[in-house]
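Trainee: Submitted below is the structure of interest, expressed as structure tokens.
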Amino acid sequence: MKTDETESFWNSFCRATKRGNTRYEVVALGDTPSMATELSELVVIGRKRATAGLLEVYLTNGEPIPEIGGFVVLTDGEGHPKCIWRTTELRLGTLLSVDDAFAFDEGEGDRTRSSWIAEHQRFFARQSHQCGFAMHDEVETVFERFVIVWPRALLEGG
């Protein structure tokens, strides 16, 4: 949800980069405040550069599906903005279509495909239950890669 704090963070980015008022989304990763904070920290330290979500959850909750070139203000579990990313790659596939490289780039757990699948089966089962549909291994998944664009202190190579 956009707040005065996320809007101020976004406006600082726009002023510093001389960018017009481009559309952006606000995202907290995970399904609990503690998970959102933990995952935002992985993004900030540079370990996490990908994320995945269930297509049906986007549709059920009326959330916009990520777009290549789209901007996201990432917040922690308390809603404080941590960084802005720009989506660089999107792929729609089944849960089990995840590859080793994506599991590594998502930066969670031991970064292996097998642990990625196990963790996401549990996480997606909670989400699908909340949204009222059955979880299965062929569920349509949105795979997203991104780069950090703000604040400057977090830029890759910067």
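By convention in this document, the chains of the structure tokens carry letters A, B, ... by their order, each chain's residues are numbered from 1, and ligands are numbered from 1 in the order they are shown.
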Could you pull out all residues of stretch 1-151 of chain A with a DSSP call of alpha helix (DSSP H) and give them as an NGL selection string?

Mentor: :A and (4-17 or 33-44 or 55-61 or 100-106 or 113-131)

Trainee: Using only C-alpha atoms, which residues sit within 8 Å of A:Thr6 once same-chain residues fewer than 2 positions away are excluded, as JSON, numbers by chain?

Mentor: {"A": [2, 3, 4, 8, 9, 10, 26, 73, 80, 81]}

Trainee: Just asking: which residues within stretch 14-127 of chain A are strand (DSSP E or B) according to DSSP, as a PyMOL selection string?

Mentor: chain A and resi 24-27+50-54+71-75+81-94

Trainee: Store the residues picked out above, limited to N, CA and C atoms, as a PDB file, in the first residue's frame.

Mentor:
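Below you can see selection_4.pdb, which holds the result:
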```
ATOM      1  N   TYR A  24       4.523   3.179 -10.166  1.00  0.00           N
ATOM      2  CA  TYR A  24       5.252   2.198  -9.368  1.00  0.00           C
ATOM      3  C   TYR A  24       4.288   1.438  -8.479  1.00  0.00           C
ATOM      4  N   GLU A  25       4.729   0.288  -8.015  1.00  0.00           N
ATOM      5  CA  GLU A  25       3.960  -0.525  -7.078  1.00  0.00           C
ATOM      6  C   GLU A  25       4.713  -0.573  -5.753  1.00  0.00           C
ATOM      7  N   VAL A  26       4.001  -0.813  -4.683  1.00  0.00           N
ATOM      8  CA  VAL A  26       4.604  -1.024  -3.373  1.00  0.00           C
ATOM      9  C   VAL A  26       4.412  -2.497  -3.031  1.00  0.00           C
ATOM     10  N   VAL A  27       5.523  -3.149  -2.635  1.00  0.00           N
ATOM     11  CA  VAL A  27       5.489  -4.581  -2.357  1.00  0.00           C
ATOM     12  C   VAL A  27       6.184  -4.869  -1.037  1.00  0.00           C
ATOM     13  N   ALA A  50      15.583 -11.944  -7.236  1.00  0.00           N
ATOM     14  CA  ALA A  50      14.453 -12.564  -7.937  1.00  0.00           C
ATOM     15  C   ALA A  50      13.369 -12.871  -6.917  1.00  0.00           C
ATOM     16  N   THR A  51      12.155 -13.000  -7.410  1.00  0.00           N
ATOM     17  CA  THR A  51      11.032 -13.385  -6.565  1.00  0.00           C
ATOM     18  C   THR A  51      10.002 -14.104  -7.422  1.00  0.00           C
ATOM     19  N   ALA A  52       9.119 -14.823  -6.776  1.00  0.00           N
ATOM     20  CA  ALA A  52       8.095 -15.579  -7.502  1.00  0.00           C
ATOM     21  C   ALA A  52       6.771 -15.452  -6.777  1.00  0.00           C
ATOM     22  N   GLY A  53       5.703 -15.432  -7.543  1.00  0.00           N
ATOM     23  CA  GLY A  53       4.364 -15.358  -6.970  1.00  0.00           C
ATOM     24  C   GLY A  53       3.380 -16.151  -7.801  1.00  0.00           C
ATOM     25  N   LEU A  54       2.284 -16.515  -7.194  1.00  0.00           N
ATOM     26  CA  LEU A  54       1.249 -17.270  -7.898  1.00  0.00           C
ATOM     27  C   LEU A  54       0.386 -16.336  -8.740  1.00  0.00           C
ATOM     28  N   PHE A  71       8.579  -0.537 -11.928  1.00  0.00           N
ATOM     29  CA  PHE A  71       9.266  -0.175 -10.690  1.00  0.00           C
ATOM     30  C   PHE A  71       8.489  -0.670  -9.478  1.00  0.00           C
ATOM     31  N   VAL A  72       9.246  -1.078  -8.450  1.00  0.00           N
ATOM     32  CA  VAL A  72       8.665  -1.535  -7.195  1.00  0.00           C
ATOM     33  C   VAL A  72       9.386  -0.855  -6.045  1.00  0.00           C
ATOM     34  N   VAL A  73       8.618  -0.259  -5.130  1.00  0.00           N
ATOM     35  CA  VAL A  73       9.163   0.191  -3.853  1.00  0.00           C
ATOM     36  C   VAL A  73       8.971  -0.974  -2.891  1.00  0.00           C
ATOM     37  N   LEU A  74      10.082  -1.544  -2.451  1.00  0.00           N
ATOM     38  CA  LEU A  74      10.048  -2.673  -1.533  1.00  0.00           C
ATOM     39  C   LEU A  74      10.023  -2.153  -0.102  1.00  0.00           C
ATOM     40  N   THR A  75       9.096  -2.679   0.687  1.00  0.00           N
ATOM     41  CA  THR A  75       9.007  -2.282   2.088  1.00  0.00           C
ATOM     42  C   THR A  75       9.331  -3.463   2.994  1.00  0.00           C
ATOM     43  N   PRO A  81       9.974   1.879   3.455  1.00  0.00           N
ATOM     44  CA  PRO A  81      10.641   1.577   2.175  1.00  0.00           C
ATOM     45  C   PRO A  81      12.122   1.269   2.385  1.00  0.00           C
ATOM     46  N   LYS A  82      12.588   0.235   1.689  1.00  0.00           N
ATOM     47  CA  LYS A  82      13.977  -0.197   1.803  1.00  0.00           C
ATOM     48  C   LYS A  82      14.765   0.068   0.527  1.00  0.00           C
ATOM     49  N   CYS A  83      14.107  -0.068  -0.614  1.00  0.00           N
ATOM     50  CA  CYS A  83      14.779   0.157  -1.897  1.00  0.00           C
ATOM     51  C   CYS A  83      13.730   0.208  -3.002  1.00  0.00           C
ATOM     52  N   ILE A  84      14.202   0.556  -4.195  1.00  0.00           N
ATOM     53  CA  ILE A  84      13.361   0.503  -5.398  1.00  0.00           C
ATOM     54  C   ILE A  84      14.040  -0.437  -6.365  1.00  0.00           C
ATOM     55  N   TRP A  85      13.254  -1.339  -6.931  1.00  0.00           N
ATOM     56  CA  TRP A  85      13.809  -2.197  -7.977  1.00  0.00           C
ATOM     57  C   TRP A  85      13.076  -1.969  -9.274  1.00  0.00           C
ATOM     58  N   ARG A  86      13.767  -2.365 -10.346  1.00  0.00           N
ATOM     59  CA  ARG A  86      13.171  -2.347 -11.684  1.00  0.00           C
ATOM     60  C   ARG A  86      13.180  -3.773 -12.206  1.00  0.00           C
ATOM     61  N   THR A  87      12.030  -4.229 -12.655  1.00  0.00           N
ATOM     62  CA  THR A  87      11.900  -5.598 -13.152  1.00  0.00           C
ATOM     63  C   THR A  87      12.627  -5.733 -14.484  1.00  0.00           C
ATOM     64  N   THR A  88      13.492  -6.745 -14.566  1.00  0.00           N
ATOM     65  CA  THR A  88      14.296  -6.956 -15.775  1.00  0.00           C
ATOM     66  C   THR A  88      13.875  -8.190 -16.562  1.00  0.00           C
ATOM     67  N   GLU A  89      13.212  -9.110 -15.911  1.00  0.00           N
ATOM     68  CA  GLU A  89      12.840 -10.358 -16.588  1.00  0.00           C
ATOM     69  C   GLU A  89      11.592 -10.934 -15.943  1.00  0.00           C
ATOM     70  N   LEU A  90      10.704 -11.446 -16.758  1.00  0.00           N
ATOM     71  CA  LEU A  90       9.494 -12.127 -16.289  1.00  0.00           C
ATOM     72  C   LEU A  90       9.316 -13.409 -17.070  1.00  0.00           C
ATOM     73  N   ARG A  91       8.826 -14.409 -16.372  1.00  0.00           N
ATOM     74  CA  ARG A  91       8.494 -15.668 -17.037  1.00  0.00           C
ATOM     75  C   ARG A  91       7.313 -16.275 -16.301  1.00  0.00           C
ATOM     76  N   LEU A  92       6.368 -16.775 -17.053  1.00  0.00           N
ATOM     77  CA  LEU A  92       5.232 -17.496 -16.488  1.00  0.00           C
ATOM     78  C   LEU A  92       5.475 -18.978 -16.727  1.00  0.00           C
ATOM     79  N   GLY A  93       5.383 -19.773 -15.690  1.00  0.00           N
ATOM     80  CA  GLY A  93       5.583 -21.214 -15.817  1.00  0.00           C
ATOM     81  C   GLY A  93       4.984 -21.921 -14.621  1.00  0.00           C
ATOM     82  N   THR A  94       5.087 -23.222 -14.602  1.00  0.00           N
ATOM     83  CA  THR A  94       4.586 -23.977 -13.464  1.00  0.00           C
ATOM     84  C   THR A  94       5.574 -23.872 -12.312  1.00  0.00           C
TER      85      THR A  94
END
```

Trainee: I'd like the neighbourhood of A:Ile65 as a ChimeraX atom specification, where a residue qualifies if any of its atoms comes within 9 Å (using only C-alpha atoms), though same-chain residues fewer than 5 positions away should be ignored.

Mentor: /A:55,58-59,142

Trainee: I'd like the contact shell of A:Ala125 - 9 Å cut-off, only C-alpha atoms, skipping same-chain residues fewer than 4 positions apart - returned as an NGL selection string.

Mentor: :A and (120-121 or 129-130 or 134-136)

Trainee: Rounded to one decimal in Å, what is the spacing between atom CA of A:Met35 and atom CA of A:Phe123?

Mentor: 10.9 Å

Trainee: Considering only C-alpha atoms, return as a VMD selection string whatever protein or nucleic-acid residues lie within 10 Å of A:Leu155, sequence-local ones (same chain, fewer than 5 positions apart) excluded.

Mentor: chain A and resid 44 46 83 85 147 to 150

Trainee: Measuring between only C-alpha atoms, which one of A:Asp110, A:Cys14, A:Met1, A:Val98 shows the shortest distance to A:Glu78?

Mentor: A:Met1

Trainee: Applying 9 Å and only C-alpha atoms, which residues near stretch 36-39 of chain A remain after dropping the ones on its own chain fewer than 6 positions away? List them as a ChimeraX atom specification.

Mentor: /A:28-30,48,75-78,107-108

Trainee: To one decimal in Å, tell me the separation between atom CA of A:Asp137 and atom CA of A:Arg111.

Mentor: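 Distance between the two atoms: 19.2 Å.
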